[in-house]
Amino acid sequence: MIRRGMRDRLLKTCLTASASILLIIFIEKAGGQVRPPQPDIPPITVTNVATLAGLTHRTVYGGTERNRYLLETTGCGLAWIDYDRDGWLDLFFVNGSRLEGYPKGPGKEEPPVSRLYRNNRNGTFTEVTKAAGVGFHGWGQAVCAGDYDNDGFDDLFVTYYGRNILWRNNGNGTFSDVAIKAGVAGTRNRWNSGAAFLDYDRDGRLDLFVANYIEMDLKTAPTPESGPCLYKGLMVACGPAGLTGARNILYHNDGNGLFREVTEKSGILATTGTYGLGVLTSDFDNDGWTDIYVANDSAPATLYRNNHDGSFTDIAAEAGAAYSGEGKPQAGMGVTAADFDGDGWLDIFKTNFSGDTSTLYRNLGTRLGGLVFDDATFPSGIGLNTRWLGWGCGFIDIDNNGWRDILLVNGHVYPEVVRLNNESGYAQRKILYQNLGNGTFRDITERIGGALLESTPGRGAAFGDYDNDGDLDIAINPVNGSPVLMRVDSRTGQNWIAVRVEGVRSNRSGLGARIRVTAGGRTQFDDVRSGGSYYSQNDPRIHFGLGMSQKVESIEVLWPSGTIDRLSEVPANRVVLIREGSTLPSPGANR
């Protein structure tokens with residue numbers, strides 16, 4: 001039986017689709033054009049420089065030819081983090097494992113561990129894993145960053161199948177695992193997935209949200225043969241459908257380095273959301289409070305609206321952000337947000353399984369007493385690709401023209417698909433959608449070429465300007481392969497600004513702060529957030545393309561505390577550091 005809300009959405013979808021068809025027929029007969037002339041392909045090169053940059057380790061995750069359990073398929077994330085506060089982004093890669101284990105002894109293969117690379121400020125990195133003390137072996141999943149103890153140094157939280165790790169940044173180049181002491185370690189058989197720091201109650205301390213995937217015990221989990229579990233005739237790992245879904249977790253930061261689980265009290269357990277993977281935190285209804293969106297695998301997505309009293313309500317279905325435009329649940333993986341059409345509301349992009357499209361939810365704002373999203377996947381031009389299986393994703397202004405483009409990373413779940421001729425392979429290329437500035441996108445991947453066309457069994461993807469040249473670069477953590485670092489070099493001559501924030505009354509990382517930038521008479525905005533993409537952490541600095549504007553007329557920061565800071569007449573092409581309560585850029589802001 002179809003609920004009234006879903007019935008209305010389905011009717012709206014049918015009417016909209018019919019109107020679109022009639023409009024297209026009319027235009028073709030009249031010879032007219034709906035869209036303005038499309039911009040040229042930007043003069044951009046994308047080069048994989050990982051080996052030259054010194055990123056040479058191998059991420060190990062499950063088997064290379066066949067996997068018996070779903071645990072062997074999901075892969076790991078990565079994080080851009082300036083852990084030593086020198087103004088240059090460093091890289092942290094989560095690593096995985098194999099079910100057969102790693103026997104100890106002379107000549108045996110060393111178990112894979114997470115890796116930390118320090119930025120040498122010359123385009124290269126030096127691995128500092130042992131010196132920093134962050135080498136840890138296990139079934140790693142996601143990583144997010146935030147200064148949970150407000151000491152000025154960003155910390156790392158890493159989820160695992162099993163016990164989580166909270167790496168406290170000691171401020172001297174080393175980290176200490178304090179997960180057990182802090183109360184966020186989790187339990188042995190819990191499959192923790194996407195995660196994000198956020199200050200959901202705006203008390204100046206970072207809380208922690210952890211999505212969970214499946215309640216899995218390898219001793220009793222079904223195998224391909226016992227299922228039997230099939231994908232296009234191939235026996236593959238079972239799930240998630242048919243397996244018991246796990247519940248998401250919310251931890252409140254009580255101060256003094258301690259967290260307290262408030263999952264039930266906060267209403268998180270009241271939702272039907274399960275099979276959680278990618279996590280996104282932002283203020284979607286423009287009320288000044290951070291909400292939480294979770295991409296669920298083979299289930300409706302979840303949108304936890306912040307009720308301002310320490311509790312949340314899942315409004316994804318009634319808001320129109322739970323299902324596809326056809327009213328179907330999708331196999332969501334990665335998720336990201338931006339105001340892609342410049343209307344003042346954050347929109348959501350979600351990657352899904354092969355045979356389906358990625359989904360673009362356009363935020364229509366609050367209407368009739370509630371938040372409303374519209375599935376803009378097909379009207380925007382995103383719905384043309386169904387070949388790929390998407391993971392990490394990001395809204396990035398790759399040509400600095402002031403309109404956020406979309407890049408997504410792909411790779412199949414099952415290594416066995418190499419035996420199928422009608423699939424796009426296990427390793428897959430990336431996709432770059434150019435924002436045309438009129439509510440639509442076009443796929444320019446093949447026109448740009450380079451590293452975008454190199455096939456990778458991709459999973460986590462993170463976006464950051466590691467060489468501080470004003471172009472956002474892309475790092476990828478594949479399964480059973482070495483990292484990918486796609487350096488972006490733009491020759492458009494267009495300008496940019498990046499804003500780094502530091503809270504005083506608000507949390508030190510400034511998570512939840514909203515930044516508005518006005519240049520050339522046009523205003524853009526974004527939220528400072530932790531986590532996102534798939535299992536990954538982007539550059540904490542918020543990057544804005546300015547087009548041909550050589551200065552920013554104004555920068556406005558709306559802090560979680562309620563403080564508002566404004567700067568005027570800021571020259572372009574620099575990083576501006578804004579401390580809460582300031583009216584001028586802080587010293588060292590041009591790094």
# chains A, B, ... in the order shown; residues from 1 in each chain; ligands from 1
call {"tool": "residues_around", "arguments": {"residues": "range 420-425 of chain A", "least_positions_apart": "4", "cutoff": "12 Å", "atoms": "only C-alpha atoms", "output": "PyMOL selection string"}}
result
chain A and resi 231-234+354-355+385-389+410-416+429-430+455-458
call {"tool": "residues_around", "arguments": {"residues": "range 49-64 of chain A", "least_positions_apart": "3", "cutoff": "7 Å", "atoms": "only C-alpha atoms", "output": "list in words"}}
result
Asn67, Glu72, Thr73, Gly75, Asn95, Gly96, Ser97, Arg98, Leu99, Pro112, Gly123, Thr124, Phe125, Thr126, Pro415, Pro478, Val479, Asn480, Gly481, Ser482, Pro483, Val484, Leu485, Met486 and Arg487 of chain A
call {"tool": "residues_around", "arguments": {"residues": "Gly532 in chain A", "least_positions_apart": "2", "cutoff": "8 Å", "atoms": "only C-alpha atoms", "output": "list in words"}}
result
Ala196, Gly278, Val279, Leu280, Thr281, Gly334, Val335, Thr336, Arg529, Ser530, Tyr534, Tyr535, Ser536, Gln537 and Asn538 of chain A
call {"tool": "write_last_selection", "arguments": {"atoms": "N, CA, C and O atoms", "output": "short mmCIF file (atom, residue, chain, number, x, y, z; two decimals), in the first residue's frame"}}
result
data_model
loop_
_atom_site.label_atom_id
_atom_site.label_comp_id
_atom_site.auth_asym_id
_atom_site.auth_seq_id
_atom_site.Cartn_x
_atom_site.Cartn_y
_atom_site.Cartn_z
N ALA A 196 31.30 11.16 11.37
CA ALA A 196 31.56 12.60 11.28
C ALA A 196 31.50 13.22 12.67
O ALA A 196 30.63 12.87 13.48
N GLY A 278 27.86 6.12 3.71
CA GLY A 278 28.35 7.49 3.72
C GLY A 278 27.55 8.39 4.65
O GLY A 278 26.32 8.29 4.73
N VAL A 279 28.25 9.30 5.34
CA VAL A 279 27.62 10.23 6.29
C VAL A 279 27.93 11.66 5.88
O VAL A 279 29.08 11.99 5.57
N LEU A 280 26.91 12.51 5.91
CA LEU A 280 27.06 13.92 5.55
C LEU A 280 26.39 14.77 6.61
O LEU A 280 25.24 14.52 6.99
N THR A 281 27.08 15.78 7.11
CA THR A 281 26.51 16.70 8.10
C THR A 281 26.49 18.11 7.53
O THR A 281 27.49 18.60 7.03
N GLY A 334 28.35 6.92 -1.42
CA GLY A 334 28.93 8.20 -1.03
C GLY A 334 27.92 9.32 -1.12
O GLY A 334 26.89 9.22 -1.80
N VAL A 335 28.22 10.44 -0.44
CA VAL A 335 27.28 11.55 -0.42
C VAL A 335 28.03 12.86 -0.19
O VAL A 335 29.02 12.91 0.54
N THR A 336 27.56 13.91 -0.84
CA THR A 336 28.17 15.22 -0.71
C THR A 336 27.10 16.29 -0.88
O THR A 336 25.98 15.99 -1.32
N ARG A 529 32.46 21.20 7.45
CA ARG A 529 31.94 19.92 7.90
C ARG A 529 33.04 18.88 8.04
O ARG A 529 34.11 19.00 7.46
N SER A 530 32.75 17.86 8.81
CA SER A 530 33.62 16.71 8.99
C SER A 530 33.03 15.54 8.22
O SER A 530 31.81 15.44 8.06
N TYR A 534 32.81 9.36 0.47
CA TYR A 534 32.64 8.00 0.97
C TYR A 534 33.75 7.72 1.96
O TYR A 534 34.92 7.63 1.58
N TYR A 535 33.38 7.68 3.25
CA TYR A 535 34.32 7.29 4.30
C TYR A 535 35.51 8.23 4.43
O TYR A 535 36.54 7.85 4.96
N SER A 536 35.42 9.48 3.99
CA SER A 536 36.62 10.31 3.85
C SER A 536 36.43 11.71 4.41
O SER A 536 35.33 12.13 4.76
N GLN A 537 37.56 12.44 4.48
CA GLN A 537 37.59 13.80 5.02
C GLN A 537 38.24 14.73 4.01
O GLN A 537 39.38 14.51 3.59
N ASN A 538 37.51 15.78 3.63
CA ASN A 538 38.05 16.76 2.69
C ASN A 538 38.87 17.83 3.40
O ASN A 538 38.91 17.92 4.63
#
call {"tool": "closest_residue", "arguments": {"among": "A:Gly365, A:Pro571, A:Gly493, A:Gly173", "to": "Tyr117 in chain A", "atoms": "only C-alpha atoms"}}
result
A:Gly173
call {"tool": "decode", "arguments": {"residues": "range 335-370 of chain A", "atoms": "N, CA and C atoms", "output": "JSON list (two decimals), in the first residue's frame"}}
result
[["chain", "number", "residue", "atom", "x", "y", "z"],
["A", 335, "VAL", "N", 28.22, 10.44, -0.44],
["A", 335, "VAL", "CA", 27.28, 11.55, -0.42],
["A", 335, "VAL", "C", 28.03, 12.86, -0.19],
["A", 336, "THR", "N", 27.56, 13.91, -0.84],
["A", 336, "THR", "CA", 28.17, 15.22, -0.71],
["A", 336, "THR", "C", 27.10, 16.29, -0.88],
["A", 337, "ALA", "N", 27.43, 17.54, -0.55],
["A", 337, "ALA", "CA", 26.44, 18.62, -0.61],
["A", 337, "ALA", "C", 27.07, 19.90, -1.10],
["A", 338, "ALA", "N", 26.27, 20.72, -1.76],
["A", 338, "ALA", "CA", 26.65, 22.08, -2.18],
["A", 338, "ALA", "C", 25.40, 22.76, -2.72],
["A", 339, "ASP", "N", 25.47, 24.07, -2.80],
["A", 339, "ASP", "CA", 24.40, 24.83, -3.44],
["A", 339, "ASP", "C", 24.75, 24.93, -4.93],
["A", 340, "PHE", "N", 24.44, 23.88, -5.67],
["A", 340, "PHE", "CA", 24.93, 23.80, -7.06],
["A", 340, "PHE", "C", 24.24, 24.80, -7.98],
["A", 341, "ASP", "N", 23.01, 25.23, -7.61],
["A", 341, "ASP", "CA", 22.27, 26.13, -8.49],
["A", 341, "ASP", "C", 22.19, 27.56, -7.97],
["A", 342, "GLY", "N", 22.85, 27.83, -6.84],
["A", 342, "GLY", "CA", 22.95, 29.20, -6.35],
["A", 342, "GLY", "C", 21.67, 29.79, -5.82],
["A", 343, "ASP", "N", 20.76, 28.94, -5.29],
["A", 343, "ASP", "CA", 19.50, 29.47, -4.78],
["A", 343, "ASP", "C", 19.47, 29.64, -3.27],
["A", 344, "GLY", "N", 20.62, 29.37, -2.60],
["A", 344, "GLY", "CA", 20.69, 29.60, -1.17],
["A", 344, "GLY", "C", 20.36, 28.40, -0.30],
["A", 345, "TRP", "N", 20.21, 27.20, -0.91],
["A", 345, "TRP", "CA", 19.91, 25.99, -0.15],
["A", 345, "TRP", "C", 20.88, 24.89, -0.57],
["A", 346, "LEU", "N", 21.35, 24.11, 0.41],
["A", 346, "LEU", "CA", 22.30, 23.04, 0.12],
["A", 346, "LEU", "C", 21.60, 21.84, -0.51],
["A", 347, "ASP", "N", 22.11, 21.43, -1.65],
["A", 347, "ASP", "CA", 21.59, 20.28, -2.38],
["A", 347, "ASP", "C", 22.45, 19.05, -2.05],
["A", 348, "ILE", "N", 21.94, 17.86, -2.35],
["A", 348, "ILE", "CA", 22.60, 16.61, -1.99],
["A", 348, "ILE", "C", 22.85, 15.76, -3.23],
["A", 349, "PHE", "N", 24.07, 15.23, -3.34],
["A", 349, "PHE", "CA", 24.42, 14.29, -4.41],
["A", 349, "PHE", "C", 24.82, 12.97, -3.77],
["A", 350, "LYS", "N", 24.27, 11.86, -4.27],
["A", 350, "LYS", "CA", 24.51, 10.54, -3.69],
["A", 350, "LYS", "C", 24.88, 9.55, -4.79],
["A", 351, "THR", "N", 25.93, 8.75, -4.55],
["A", 351, "THR", "CA", 26.31, 7.72, -5.51],
["A", 351, "THR", "C", 25.61, 6.42, -5.16],
["A", 352, "ASN", "N", 25.36, 5.59, -6.20],
["A", 352, "ASN", "CA", 24.60, 4.36, -6.04],
["A", 352, "ASN", "C", 25.24, 3.21, -6.82],
["A", 353, "PHE", "N", 24.59, 2.06, -6.76],
["A", 353, "PHE", "CA", 25.07, 0.83, -7.38],
["A", 353, "PHE", "C", 24.97, 0.92, -8.90],
["A", 354, "SER", "N", 25.70, 0.02, -9.59],
["A", 354, "SER", "CA", 25.63, -0.04, -11.05],
["A", 354, "SER", "C", 24.24, -0.45, -11.51],
["A", 355, "GLY", "N", 23.88, -0.04, -12.71],
["A", 355, "GLY", "CA", 22.53, -0.27, -13.21],
["A", 355, "GLY", "C", 21.57, 0.81, -12.77],
["A", 356, "ASP", "N", 22.01, 1.69, -11.89],
["A", 356, "ASP", "CA", 21.23, 2.83, -11.41],
["A", 356, "ASP", "C", 22.05, 4.09, -11.69],
["A", 357, "THR", "N", 21.42, 5.23, -11.56],
["A", 357, "THR", "CA", 22.15, 6.49, -11.69],
["A", 357, "THR", "C", 22.60, 6.96, -10.31],
["A", 358, "SER", "N", 23.54, 7.89, -10.27],
["A", 358, "SER", "CA", 23.71, 8.67, -9.05],
["A", 358, "SER", "C", 22.47, 9.54, -8.90],
["A", 359, "THR", "N", 22.25, 10.08, -7.70],
["A", 359, "THR", "CA", 21.04, 10.86, -7.45],
["A", 359, "THR", "C", 21.41, 12.28, -7.05],
["A", 360, "LEU", "N", 20.74, 13.26, -7.65],
["A", 360, "LEU", "CA", 20.91, 14.66, -7.29],
["A", 360, "LEU", "C", 19.59, 15.16, -6.72],
["A", 361, "TYR", "N", 19.58, 15.47, -5.42],
["A", 361, "TYR", "CA", 18.40, 16.02, -4.77],
["A", 361, "TYR", "C", 18.54, 17.54, -4.71],
["A", 362, "ARG", "N", 17.66, 18.25, -5.40],
["A", 362, "ARG", "CA", 17.66, 19.72, -5.36],
["A", 362, "ARG", "C", 16.83, 20.17, -4.17],
["A", 363, "ASN", "N", 17.43, 20.99, -3.33],
["A", 363, "ASN", "CA", 16.78, 21.50, -2.13],
["A", 363, "ASN", "C", 15.89, 22.68, -2.52],
["A", 364, "LEU", "N", 14.59, 22.51, -2.32],
["A", 364, "LEU", "CA", 13.64, 23.57, -2.64],
["A", 364, "LEU", "C", 13.35, 24.47, -1.45],
["A", 365, "GLY", "N", 13.95, 24.16, -0.30],
["A", 365, "GLY", "CA", 13.77, 24.98, 0.88],
["A", 365, "GLY", "C", 12.58, 24.51, 1.71],
["A", 366, "THR", "N", 12.21, 25.32, 2.68],
["A", 366, "THR", "CA", 11.11, 24.97, 3.57],
["A", 366, "THR", "C", 9.80, 25.51, 2.99],
["A", 367, "ARG", "N", 8.91, 24.57, 2.71],
["A", 367, "ARG", "CA", 7.61, 24.95, 2.15],
["A", 367, "ARG", "C", 6.52, 24.18, 2.88],
["A", 368, "LEU", "N", 5.39, 24.83, 3.10],
["A", 368, "LEU", "CA", 4.25, 24.20, 3.76],
["A", 368, "LEU", "C", 4.67, 23.57, 5.08],
["A", 369, "GLY", "N", 5.61, 24.24, 5.78],
["A", 369, "GLY", "CA", 5.99, 23.80, 7.11],
["A", 369, "GLY", "C", 7.07, 22.74, 7.15],
["A", 370, "GLY", "N", 7.66, 22.37, 6.02],
["A", 370, "GLY", "CA", 8.68, 21.34, 6.03],
["A", 370, "GLY", "C", 9.70, 21.52, 4.94]]
